[in-house]
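Have a look at work_21.tsv below; it lists TSV, C-alpha atoms.
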chain	number	residue	atom	x	y	z
A	1071	MET	CA	23.64	-20.59	15.49
A	1072	LEU	CA	22.15	-17.14	15.85
A	1073	GLN	CA	25.56	-15.80	16.79
A	1074	SER	CA	27.01	-17.09	13.51
A	1075	VAL	CA	24.20	-15.39	11.60
A	1076	LEU	CA	24.92	-12.17	13.44
A	1077	ASP	CA	28.65	-12.54	12.77
A	1078	ALA	CA	27.97	-13.08	9.10
A	1079	HIS	CA	26.26	-9.69	9.04
A	1080	HIS	CA	29.10	-8.04	10.95
A	1081	ILE	CA	26.78	-7.08	13.75
A	1082	PRO	CA	28.74	-6.12	16.83
A	1083	ALA	CA	27.91	-8.56	19.59
A	1084	PRO	CA	27.32	-6.08	22.45
A	1085	HIS	CA	24.50	-4.45	20.49
A	1086	ALA	CA	22.85	-7.72	19.66
A	1087	ALA	CA	20.37	-7.71	22.54
A	1088	ALA	CA	17.68	-5.03	22.39
A	1089	SER	CA	18.36	-2.93	19.30
A	1090	GLU	CA	19.12	-5.93	17.08
A	1091	ARG	CA	15.88	-7.59	18.00
A	1092	ARG	CA	14.06	-4.61	16.51
A	1093	GLY	CA	16.13	-4.84	13.34
A	1094	MET	CA	15.40	-8.55	12.93
A	1095	THR	CA	11.69	-8.12	13.67
A	1096	GLY	CA	11.49	-5.20	11.26
A	1097	PHE	CA	13.13	-7.21	8.49
A	1098	GLY	CA	10.85	-10.20	9.11
A	1099	PHE	CA	7.81	-7.95	9.06
A	1100	TYR	CA	9.04	-6.35	5.84
A	1101	LEU	CA	9.19	-9.83	4.26
A	1102	TYR	CA	5.61	-10.49	5.42
A	1103	LEU	CA	4.50	-7.22	3.79
A	1104	LEU	CA	6.16	-8.23	0.51
A	1105	SER	CA	4.29	-11.55	0.62
A	1106	ASP	CA	1.10	-9.56	1.23
A	1107	CYS	CA	1.85	-7.67	-1.99
A	1108	VAL	CA	1.96	-11.03	-3.80
A	1109	LEU	CA	-1.47	-11.84	-2.32
A	1110	PHE	CA	-2.82	-8.57	-3.68
A	1111	ALA	CA	-1.15	-9.22	-7.05
A	1112	THR	CA	-3.22	-12.41	-7.46
A	1113	LEU	CA	-6.41	-10.48	-6.67
A	1114	PHE	CA	-5.44	-7.71	-9.11
A	1115	ALA	CA	-4.72	-10.33	-11.78
A	1116	ALA	CA	-8.17	-11.90	-11.21
A	1117	PHE	CA	-9.81	-8.47	-11.44
A	1118	ALA	CA	-7.88	-7.56	-14.60
A	1119	VAL	CA	-8.99	-10.81	-16.27
A	1120	LEU	CA	-12.64	-10.51	-15.17
A	1121	HIS	CA	-13.33	-6.77	-15.29
A	1122	ARG	CA	-15.22	-7.02	-18.59
A	1123	SER	CA	-17.26	-10.06	-17.55
A	1124	VAL	CA	-20.23	-8.06	-16.30
A	1125	ALA	CA	-22.84	-10.70	-17.30
A	1126	ASP	CA	-25.14	-7.93	-18.63
A	1127	GLY	CA	-25.09	-6.41	-15.16
A	1128	PRO	CA	-23.88	-2.97	-14.14
A	1129	THR	CA	-20.40	-1.90	-15.24
A	1130	GLY	CA	-17.81	-0.03	-13.23
A	1131	GLN	CA	-18.65	3.11	-15.16
A	1132	GLN	CA	-22.25	2.94	-13.89
A	1133	LEU	CA	-21.36	1.97	-10.31
A	1134	PHE	CA	-18.26	3.91	-9.30
A	1135	ASP	CA	-18.49	7.31	-7.67
A	1136	LEU	CA	-15.17	9.06	-8.32
A	1137	ARG	CA	-15.83	11.84	-5.82
A	1138	ASN	CA	-16.18	9.18	-3.13
A	1139	ALA	CA	-12.99	7.45	-4.29
A	1140	PHE	CA	-11.11	10.77	-4.24
A	1141	ILE	CA	-12.12	11.52	-0.63
A	1142	GLU	CA	-11.18	7.96	0.39
A	1143	THR	CA	-7.79	8.40	-1.29
A	1144	ALA	CA	-7.23	11.74	0.45
A	1145	CYS	CA	-8.08	10.17	3.84
A	1146	LEU	CA	-5.71	7.25	3.43
A	1147	LEU	CA	-2.86	9.37	2.02
A	1148	THR	CA	-3.14	11.92	4.83
A	1149	SER	CA	-3.30	9.15	7.43
A	1150	SER	CA	-0.10	7.70	5.98
A	1151	VAL	CA	1.62	11.06	6.55
A	1152	THR	CA	0.22	11.45	10.09
A	1153	CYS	CA	1.47	7.92	10.81
A	1154	GLY	CA	4.92	9.14	9.74
A	1155	MET	CA	4.46	12.12	12.09
A	1156	ALA	CA	3.75	9.64	14.91
A	1157	MET	CA	7.05	7.89	14.17
A	1158	LEU	CA	8.89	11.22	14.24
A	1159	ALA	CA	7.25	11.97	17.60
A	1160	CYS	CA	8.35	8.50	18.72
A	1161	ASP	CA	11.95	9.38	17.77
A	1162	ARG	CA	11.71	12.47	19.98
A	1163	ARG	CA	9.93	10.43	22.70
A	1164	ASP	CA	7.20	13.08	22.56
A	1165	THR	CA	4.15	11.32	24.04
A	1166	ARG	CA	1.64	14.10	23.41
A	1167	ALA	CA	2.55	14.51	19.72
A	1168	ALA	CA	2.57	10.73	19.23
A	1169	PHE	CA	-0.94	10.37	20.72
A	1170	GLY	CA	-2.19	13.24	18.56
A	1171	ALA	CA	-0.74	11.85	15.34
A	1172	LEU	CA	-1.96	8.30	16.09
A	1173	ALA	CA	-5.44	9.63	16.89
A	1174	VAL	CA	-5.63	11.50	13.57
A	1175	THR	CA	-4.34	8.39	11.77
A	1176	PHE	CA	-7.04	6.30	13.45
A	1177	LEU	CA	-9.84	8.77	12.64
A	1178	LEU	CA	-8.84	9.09	8.97
A	1179	GLY	CA	-8.66	5.29	8.69
A	1180	LEU	CA	-12.11	5.07	10.25
A	1181	VAL	CA	-13.54	7.64	7.80
A	1182	PHE	CA	-12.02	5.65	4.92
A	1183	LEU	CA	-13.49	2.39	6.19
A	1184	SER	CA	-16.98	3.80	6.80
A	1185	MET	CA	-17.06	5.37	3.32
A	1186	GLU	CA	-16.03	2.05	1.80
A	1187	LEU	CA	-18.64	0.10	3.76
A	1188	LYS	CA	-21.32	2.62	2.79
A	1189	GLU	CA	-20.35	2.22	-0.85
A	1190	PHE	CA	-20.51	-1.57	-0.55
A	1191	ALA	CA	-23.94	-1.33	1.10
A	1192	ARG	CA	-25.21	0.97	-1.64
A	1193	MET	CA	-23.95	-1.38	-4.38
A	1194	VAL	CA	-25.49	-4.45	-2.74
A	1195	SER	CA	-28.82	-2.65	-2.28
A	1196	GLU	CA	-28.77	-1.71	-5.97
A	1197	GLY	CA	-28.51	-5.40	-6.83
A	1198	ALA	CA	-24.80	-5.11	-7.63
A	1199	GLY	CA	-23.55	-7.47	-4.93
A	1200	PRO	CA	-20.62	-9.88	-5.25
A	1201	SER	CA	-22.82	-12.62	-6.71
A	1202	ARG	CA	-24.12	-10.46	-9.59
A	1203	SER	CA	-21.23	-11.00	-12.03
A	1204	ALA	CA	-17.63	-12.19	-12.22
A	1205	PHE	CA	-16.58	-8.54	-12.41
A	1206	LEU	CA	-18.34	-7.76	-9.13
A	1207	SER	CA	-17.01	-10.93	-7.44
A	1208	ALA	CA	-13.47	-9.85	-8.33
A	1209	PHE	CA	-14.20	-6.27	-7.28
A	1210	PHE	CA	-15.56	-7.17	-3.84
A	1211	THR	CA	-12.75	-9.67	-3.22
A	1212	LEU	CA	-10.01	-7.20	-4.11
A	1213	VAL	CA	-11.42	-4.07	-2.47
A	1214	GLY	CA	-12.82	-6.10	0.45
A	1215	THR	CA	-9.43	-7.68	1.16
A	1216	HIS	CA	-7.90	-4.21	1.22
A	1217	GLY	CA	-10.67	-3.04	3.55
A	1218	MET	CA	-9.98	-6.00	5.85
A	1219	HIS	CA	-6.35	-4.96	6.03
A	1220	VAL	CA	-7.44	-1.45	7.00
A	1221	THR	CA	-9.74	-2.92	9.67
A	1222	ALA	CA	-6.91	-5.05	11.07
A	1223	GLY	CA	-4.67	-1.98	11.03
A	1224	LEU	CA	-7.22	0.02	13.04
A	1225	VAL	CA	-7.50	-2.73	15.67
A	1226	TRP	CA	-3.72	-2.92	15.87
A	1227	LEU	CA	-3.50	0.86	16.16
A	1228	GLY	CA	-6.01	0.80	19.02
A	1229	VAL	CA	-3.88	-1.77	20.85
A	1230	ILE	CA	-0.75	0.33	20.31
A	1231	VAL	CA	-2.43	3.46	21.72
A	1232	VAL	CA	-3.47	1.55	24.86
A	1233	GLN	CA	0.04	0.08	25.27
A	1234	LEU	CA	1.64	3.46	24.71
A	1235	ARG	CA	-0.52	4.90	27.47
A	1236	ARG	CA	0.35	2.09	29.88
A	1237	LYS	CA	4.01	1.44	29.15
A	1238	GLY	CA	5.26	4.60	27.47
A	1239	PHE	CA	7.94	4.25	24.80
A	1240	SER	CA	9.20	0.84	25.86
A	1241	GLU	CA	11.31	-1.23	23.47
A	1242	GLY	CA	8.34	-3.41	22.56
A	1243	VAL	CA	5.93	-0.53	21.97
A	1244	VAL	CA	8.42	1.31	19.75
A	1245	ARG	CA	8.98	-1.87	17.75
A	1246	ARG	CA	5.24	-2.39	17.32
A	1247	MET	CA	4.72	1.25	16.30
A	1248	PHE	CA	7.47	0.88	13.73
A	1249	CYS	CA	6.00	-2.32	12.25
A	1250	PHE	CA	2.56	-0.69	12.20
A	1251	SER	CA	3.91	2.31	10.29
A	1252	LEU	CA	5.39	-0.02	7.65
A	1253	PHE	CA	2.07	-1.88	7.43
A	1254	TRP	CA	0.05	1.32	7.09
A	1255	HIS	CA	2.31	2.76	4.36
A	1256	VAL	CA	2.10	-0.50	2.37
A	1257	ILE	CA	-1.72	-0.53	2.69
A	1258	ASP	CA	-1.64	2.97	1.22
A	1259	VAL	CA	0.58	1.83	-1.68
A	1260	VAL	CA	-1.88	-0.98	-2.42
A	1261	TRP	CA	-4.73	1.58	-2.38
A	1262	ILE	CA	-2.92	3.60	-5.08
A	1263	ALA	CA	-3.17	0.54	-7.32
A	1264	VAL	CA	-6.83	0.03	-6.32
A	1265	PHE	CA	-8.01	3.55	-7.09
A	1266	SER	CA	-5.95	3.75	-10.30
A	1267	PHE	CA	-6.66	0.37	-11.86
A	1268	VAL	CA	-10.11	-0.36	-10.43
A	1269	TYR	CA	-11.87	2.99	-9.99
A	1270	LEU	CA	-10.20	5.36	-12.47
A	1271	ILE	CA	-9.60	3.00	-15.39
A	1272	GLY	CA	-12.90	1.24	-14.60
A	1273	SER	CA	-14.89	4.44	-14.91
A	1274	ALA	CA	-12.89	5.80	-17.86
A	1275	SER	CA	-13.37	2.80	-20.14
B	6	MET	CA	17.47	11.56	1.20
B	7	THR	CA	20.26	12.10	3.66
B	8	GLN	CA	23.58	10.40	3.23
B	9	PRO	CA	24.13	7.59	5.73
B	10	SER	CA	26.71	8.54	8.31
B	11	HIS	CA	29.82	6.47	8.80
B	12	ALA	CA	28.56	5.28	12.15
B	13	SER	CA	25.42	3.83	10.60
B	14	LEU	CA	27.49	1.82	8.14
B	15	GLU	CA	29.12	0.17	11.13
B	16	SER	CA	25.82	-1.23	12.33
B	17	ALA	CA	25.48	-3.01	8.97
B	18	ARG	CA	21.84	-3.99	8.90
B	19	VAL	CA	19.24	-1.30	8.44
B	20	THR	CA	15.57	-2.06	8.59
B	21	PRO	CA	13.41	-0.57	5.84
B	22	GLY	CA	11.58	2.48	7.08
B	23	THR	CA	14.55	3.82	8.97
B	24	HIS	CA	17.38	5.96	7.71
B	25	ASP	CA	20.10	4.89	10.04
B	26	GLY	CA	18.48	2.23	12.14
B	27	GLN	CA	17.45	4.77	14.76
B	28	ARG	CA	15.33	7.55	13.31
B	29	HIS	CA	12.29	7.27	11.06
B	30	GLY	CA	12.79	9.87	8.35
B	31	SER	CA	12.42	13.62	8.60
B	32	LEU	CA	9.49	16.01	8.67
B	33	ARG	CA	10.66	17.55	5.42
B	34	GLY	CA	10.77	14.13	3.72
B	35	TYR	CA	7.17	13.35	4.71
B	36	LEU	CA	5.89	16.77	3.64
B	37	VAL	CA	7.66	16.67	0.26
B	38	GLY	CA	6.30	13.15	-0.31
B	39	TYR	CA	2.81	14.32	0.70
B	40	VAL	CA	2.80	17.28	-1.70
B	41	VAL	CA	4.10	15.21	-4.63
B	42	ALA	CA	1.57	12.43	-3.88
B	43	VAL	CA	-1.31	14.94	-3.75
B	44	VAL	CA	-0.27	16.42	-7.12
B	45	LEU	CA	0.00	12.96	-8.72
B	46	THR	CA	-3.32	11.78	-7.28
B	47	THR	CA	-5.14	14.91	-8.47
B	48	ALA	CA	-3.55	14.54	-11.91
B	49	SER	CA	-4.73	10.95	-12.27
B	50	PHE	CA	-8.30	11.79	-11.16
B	51	LEU	CA	-8.35	14.66	-13.68
B	52	ALA	CA	-6.94	12.38	-16.40
B	53	ALA	CA	-9.77	9.88	-15.76
B	54	GLN	CA	-12.46	12.51	-16.32
B	55	THR	CA	-11.00	14.51	-19.18
B	56	ASP	CA	-12.31	14.37	-22.72
B	57	ALA	CA	-9.09	15.70	-24.20
B	58	LEU	CA	-7.38	12.28	-24.28
B	59	THR	CA	-8.23	9.11	-26.17
B	60	PRO	CA	-9.31	6.17	-23.97
B	61	SER	CA	-6.05	4.29	-24.48
B	62	SER	CA	-3.93	7.32	-23.57
B	63	VAL	CA	-6.08	7.86	-20.45
B	64	VAL	CA	-5.22	4.29	-19.37
B	65	ALA	CA	-1.54	4.90	-20.13
B	66	ALA	CA	-1.53	8.20	-18.21
B	67	ILE	CA	-3.21	6.67	-15.14
B	68	THR	CA	-0.79	3.71	-15.18
B	69	VAL	CA	2.27	5.97	-15.37
B	70	LEU	CA	0.92	8.25	-12.62
B	71	ALA	CA	0.16	5.24	-10.39
B	72	ILE	CA	3.67	3.83	-10.76
B	73	ALA	CA	5.17	7.27	-10.10
B	74	GLN	CA	3.07	7.66	-6.97
B	75	MET	CA	4.04	4.20	-5.68
B	76	LEU	CA	7.70	5.15	-6.11
B	77	VAL	CA	7.08	8.39	-4.18
B	78	HIS	CA	5.57	6.37	-1.33
B	79	LEU	CA	8.42	3.86	-1.31
B	80	ILE	CA	11.07	6.57	-1.26
B	81	PHE	CA	9.55	9.22	1.02
B	82	PHE	CA	7.35	7.14	3.37
B	83	LEU	CA	8.96	3.69	3.44
B	84	HIS	CA	12.47	5.11	2.97
B	85	ILE	CA	13.58	2.40	0.57
B	86	SER	CA	16.86	3.54	-0.94
B	87	THR	CA	19.75	2.09	-2.91
B	88	SER	CA	22.28	2.65	-0.14
B	89	PRO	CA	24.66	-0.31	0.30
B	90	HIS	CA	23.39	-1.40	3.71
B	91	GLN	CA	19.86	-1.80	2.34
B	92	ARG	CA	20.98	-4.44	-0.16
B	93	THR	CA	18.98	-7.28	1.43
B	94	ASN	CA	15.83	-5.15	1.45
B	95	ILE	CA	16.26	-4.18	-2.21
B	96	LEU	CA	16.89	-7.80	-3.19
B	97	ALA	CA	13.71	-8.99	-1.43
B	98	PHE	CA	11.80	-6.13	-3.04
B	99	ALA	CA	13.12	-6.97	-6.51
B	100	VAL	CA	12.13	-10.64	-6.15
B	101	THR	CA	8.63	-9.59	-5.07
B	102	LEU	CA	8.39	-7.25	-8.05
B	103	LEU	CA	9.36	-10.12	-10.36
B	104	ILE	CA	6.72	-12.46	-8.85
B	105	VAL	CA	4.04	-9.75	-8.95
B	106	SER	CA	4.71	-8.95	-12.62
B	107	MET	CA	4.76	-12.66	-13.51
B	108	ILE	CA	1.40	-13.22	-11.80
B	109	VAL	CA	-0.32	-10.19	-13.35
B	110	ALA	CA	1.21	-10.22	-16.84
B	111	GLY	CA	1.12	-14.03	-17.03
B	112	SER	CA	-2.56	-14.23	-16.03
B	113	LEU	CA	-3.57	-11.56	-18.54
B	114	TRP	CA	-1.52	-13.16	-21.29
B	115	ILE	CA	-2.85	-16.69	-20.73
B	116	MET	CA	-6.47	-15.61	-20.27
B	117	ALA	CA	-6.38	-13.39	-23.39
B	118	HIS	CA	-5.18	-16.38	-25.44
B	119	LEU	CA	-7.76	-18.64	-23.86
B	120	GLU	CA	-10.53	-16.16	-24.63
B	121	SER	CA	-9.51	-15.69	-28.24
B	122	ASN	CA	-9.37	-19.47	-28.68
B	123	MET	CA	-12.76	-20.01	-27.04
B	124	MET	CA	-14.72	-17.26	-28.77
B	125	PRO	CA	-14.10	-16.46	-32.41
B	126	GLY	CA	-14.34	-12.70	-32.71
B	127	GLY	CA	-12.30	-11.95	-29.60
B	128	GLN	CA	-13.66	-8.89	-27.86
B	129	MET	CA	-17.25	-9.21	-29.12
B	130	PRO	CA	-19.66	-8.99	-26.19
B	131	MET	CA	-21.97	-11.95	-25.86
B	132	GLN	CA	-25.47	-11.27	-27.04
B	133	PRO	CA	-28.31	-12.34	-24.79

For the file at hand, write its structure as structure tokens.
Amino acid sequence: MLQSVLDAHHIPAPHAAASERRGMTGFGFYLYLLSDCVLFATLFAAFAVLHRSVADGPTGQQLFDLRNAFIETACLLTSSVTCGMAMLACDRRDTRAAFGALAVTFLLGLVFLSMELKEFARMVSEGAGPSRSAFLSAFFTLVGTHGMHVTAGLVWLGVIVVQLRRKGFSEGVVRRMFCFSLFWHVIDVVWIAVFSFVYLIGSAS
Amino acid sequence: MTQPSHASLESARVTPGTHDGQRHGSLRGYLVGYVVAVVLTTASFLAAQTDALTPSSVVAAITVLAIAQMLVHLIFFLHISTSPHQRTNILAFAVTLLIVSMIVAGSLWIMAHLESNMMPGGQMPMQP
């Protein structure tokens, strides 16, 4: 069964053991990431429909701090590049460079997450929590879901660092690093949509 | 974007994020992508705060910049390309794009109609 699938893709049989497994896993993970984009699309659609329904509460223009959003964006973008650096180090099997790049990626992700949580805490303390208006419900759901992805990514990254230390660049660790890098880049792409359509357009209009 | 070598065409299936199934891009690719992304991000933050543009053109500018930046990420960081052995990846991506645009555009379209049918006067804010 699997062999016929492999034949259909003209994959040479001798290779099919270790290196093909990574290709298959990578493709499957890519499909998961695309389905994650559909999840975010529903949340963006809800936000787009509800962003004017402020119920006489605070608007985005009053709540959003663009300086904060800019620093968050810079952190996530830079961490996406350092994650790429980690993959390049992985290609060279350079353990020291890989640890360095993964550590910077982790720290930048952590800075992003703490800034976001601080912003959430400030908004809730100002009485602009998720139950204040439909706009704020949609906002917290969308941005919170993104933040949860970042949190999951940080946990995953921590596991990868530990495994890299214990096992070195084994087949499994390289595969996990590769899937993580895809995940992290996609989270960054989703953030582009968040800061553009939620923060920038929200505070401009 | 480097041209795929003949040897990589032999191995047929290439996972997104890799150029030839083995390596994960080049330093130059990441740095070029980073610089372009920084320029686009700065431009969209400036566009949001400027007074030189009308509100609707600010929205248009931010939308265009966002789409451009997403493309930069897809090309330079995720290494999505139109090379023949990435056909499956592109197809899956195109289907996702279709579903995403149907969800977003469809929701906005339906809800705008619903709102204009529910409240005569359309965009008028409700008075307390």

With a distance cut-off of 8 Å and only C-alpha atoms, select the neighbouring residues of Phe50 (chain B), excluding the residue or stretch itself and same-chain residues fewer than 3 positions from it, and output the selection as an mmCIF file with C-alpha atoms, in the frame of the given file.
data_model
loop_
_atom_site.group_PDB
_atom_site.id
_atom_site.type_symbol
_atom_site.label_atom_id
_atom_site.label_comp_id
_atom_site.auth_asym_id
_atom_site.auth_seq_id
_atom_site.Cartn_x
_atom_site.Cartn_y
_atom_site.Cartn_z
ATOM 1 C CA LEU A 1136 -15.170 9.060 -8.320
ATOM 2 C CA PHE A 1140 -11.110 10.770 -4.240
ATOM 3 C CA LEU A 1270 -10.200 5.360 -12.470
ATOM 4 C CA THR B 46 -3.320 11.780 -7.280
ATOM 5 C CA THR B 47 -5.140 14.910 -8.470
ATOM 6 C CA ALA B 53 -9.770 9.880 -15.760
ATOM 7 C CA GLN B 54 -12.460 12.510 -16.320
#

| Shell of 8 Å around region 36-39 of chain B, only C-alpha atoms, local chain residues under 2 positions omitted, as a list of chain:residue names | A:Leu1147, A:Thr1148, A:Val1151, B:Leu32, B:Arg33, B:Gly34, B:Val41, B:Ala42, B:Val43, B:Val77, B:His78, B:Phe81, B:Phe82

| Counting all atoms listed in the file, which residues of chain A come no farther than 6 Å from chain B, as a list in words? |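 So the contacting residues turn out to be Gly1093, Gly1096, Phe1097, Val1108, Ala1111, Ala1115, Val1119, Asp1161, Val1259, Leu1270 and Ala1274 of chain A.
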
| said: Taking all atoms listed in the file into account, name the residue in A:Leu1133, A:Val1256, A:Leu1234, A:Leu1103 that is nearest to Arg1166 (chain A). | reply: A:Leu1234

| query | What is the distance, in Å and to one decimal place, between CA of Glu1186 (chain A) and CA of Val1231 (chain A)? | reply |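 According to the coordinates, CA of Glu1186 (chain A) and CA of Val1231 (chain A) are separated by 24.2 Å.
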
| said: If I take CA of Val1194 (chain A) and CA of Gly1127 (chain A), how far is one from the other in Å, to one decimal? | reply: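 Spanning CA of Val1194 (chain A) to CA of Gly1127 (chain A) is a straight-line distance of 12.6 Å.
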
| note | As a check of understanding: the span from CA of Ser1105 (chain A) to CA of Arg92 (chain B) is 18.2 Å

| Polymer residues at most 8 Å from Gly1130 (chain A), all atoms listed in the file, same-chain spacing of 3 or more positions, as a list in words |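 What passes the distance filter is Leu1133, Phe1134, Tyr1269, Gly1272 and Ser1273 of chain A.
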
| query | Could you pull the residues within 10 Å of Ile1141 (chain A), counting only C-alpha atoms, minus those fewer than 6 positions along the same chain, as JSON, numbers by chain? | reply | {"A": [1147, 1181, 1182, 1185]}

| task | Place a sphere of radius 8 Å on (-10.0, 5.3, -1.6) in the file coordinates and name every protein, DNA or RNA residue with an atom inside or on its surface, counting all atoms listed in the file; give the answer as a ChimeraX atom specification. | result | /A:1138-1146,1182,1186,1261,1264-1265

| message | List the spatial neighbours of Ala1171 (chain A) as a list in words - criterion: any atom at most 9 Å away, all atoms listed in the file, same-chain residues fewer than 6 positions off excluded. | response |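 Neighbouring residues, sequence-local ones excluded: Ser1149, Thr1152, Cys1153, Gly1154, Met1155, Ala1156, Met1157 and Ala1159 of chain A.
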
Take every atom of region 58-62 of chain B listed in the file, pad by 5 Å on each side, and give me the axis-aligned box centre and edge lengths in Å, one decimal, as lines of an AutoDock Vina configuration file.
center_x = -6.6
center_y = 8.3
center_z = -24.9
size_x = 15.4
size_y = 18.0
size_z = 12.6

| request: Using all atoms listed in the file, pick whichever of A:Leu1187, A:Cys1249, A:Ile1271, A:Ala1173 has the shortest atom-to-atom distance to Met1218 (chain A). | output: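 Closest candidate: A:Leu1187.
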
Can you take the partial region 1168-1180 of chain A, add N, CA and C atoms, and return it as a PDB file, in the frame of the given file?
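Wrote result03.pdb, looks like this:
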ATOM      1  N   ALA A1168       2.815  12.080  19.742  1.00  0.00           N
ATOM      2  CA  ALA A1168       2.570  10.730  19.230  1.00  0.00           C
ATOM      3  C   ALA A1168       1.102  10.360  19.355  1.00  0.00           C
ATOM      4  N   PHE A1169       0.493  10.659  20.539  1.00  0.00           N
ATOM      5  CA  PHE A1169      -0.940  10.370  20.720  1.00  0.00           C
ATOM      6  C   PHE A1169      -1.769  11.131  19.703  1.00  0.00           C
ATOM      7  N   GLY A1170      -1.440  12.425  19.513  1.00  0.00           N
ATOM      8  CA  GLY A1170      -2.190  13.240  18.560  1.00  0.00           C
ATOM      9  C   GLY A1170      -2.135  12.669  17.154  1.00  0.00           C
ATOM     10  N   ALA A1171      -0.909  12.351  16.704  1.00  0.00           N
ATOM     11  CA  ALA A1171      -0.740  11.850  15.340  1.00  0.00           C
ATOM     12  C   ALA A1171      -1.418  10.493  15.169  1.00  0.00           C
ATOM     13  N   LEU A1172      -1.317   9.618  16.189  1.00  0.00           N
ATOM     14  CA  LEU A1172      -1.960   8.300  16.090  1.00  0.00           C
ATOM     15  C   LEU A1172      -3.476   8.441  16.079  1.00  0.00           C
ATOM     16  N   ALA A1173      -3.993   9.415  16.860  1.00  0.00           N
ATOM     17  CA  ALA A1173      -5.440   9.630  16.890  1.00  0.00           C
ATOM     18  C   ALA A1173      -5.944  10.089  15.522  1.00  0.00           C
ATOM     19  N   VAL A1174      -5.225  11.030  14.896  1.00  0.00           N
ATOM     20  CA  VAL A1174      -5.630  11.500  13.570  1.00  0.00           C
ATOM     21  C   VAL A1174      -5.551  10.358  12.559  1.00  0.00           C
ATOM     22  N   THR A1175      -4.479   9.549  12.651  1.00  0.00           N
ATOM     23  CA  THR A1175      -4.340   8.390  11.770  1.00  0.00           C
ATOM     24  C   THR A1175      -5.543   7.463  11.911  1.00  0.00           C
ATOM     25  N   PHE A1176      -5.922   7.203  13.179  1.00  0.00           N
ATOM     26  CA  PHE A1176      -7.040   6.300  13.450  1.00  0.00           C
ATOM     27  C   PHE A1176      -8.342   6.861  12.861  1.00  0.00           C
ATOM     28  N   LEU A1177      -8.597   8.156  13.114  1.00  0.00           N
ATOM     29  CA  LEU A1177      -9.840   8.770  12.640  1.00  0.00           C
ATOM     30  C   LEU A1177      -9.931   8.739  11.115  1.00  0.00           C
ATOM     31  N   LEU A1178      -8.829   9.085  10.432  1.00  0.00           N
ATOM     32  CA  LEU A1178      -8.840   9.090   8.970  1.00  0.00           C
ATOM     33  C   LEU A1178      -9.067   7.669   8.437  1.00  0.00           C
ATOM     34  N   GLY A1179      -8.442   6.679   9.087  1.00  0.00           N
ATOM     35  CA  GLY A1179      -8.660   5.290   8.690  1.00  0.00           C
ATOM     36  C   GLY A1179     -10.116   4.891   8.871  1.00  0.00           C
ATOM     37  N   LEU A1180     -10.712   5.385   9.970  1.00  0.00           N
ATOM     38  CA  LEU A1180     -12.110   5.070  10.250  1.00  0.00           C
ATOM     39  C   LEU A1180     -13.036   5.708   9.215  1.00  0.00           C
TER      40      LEU A1180
END
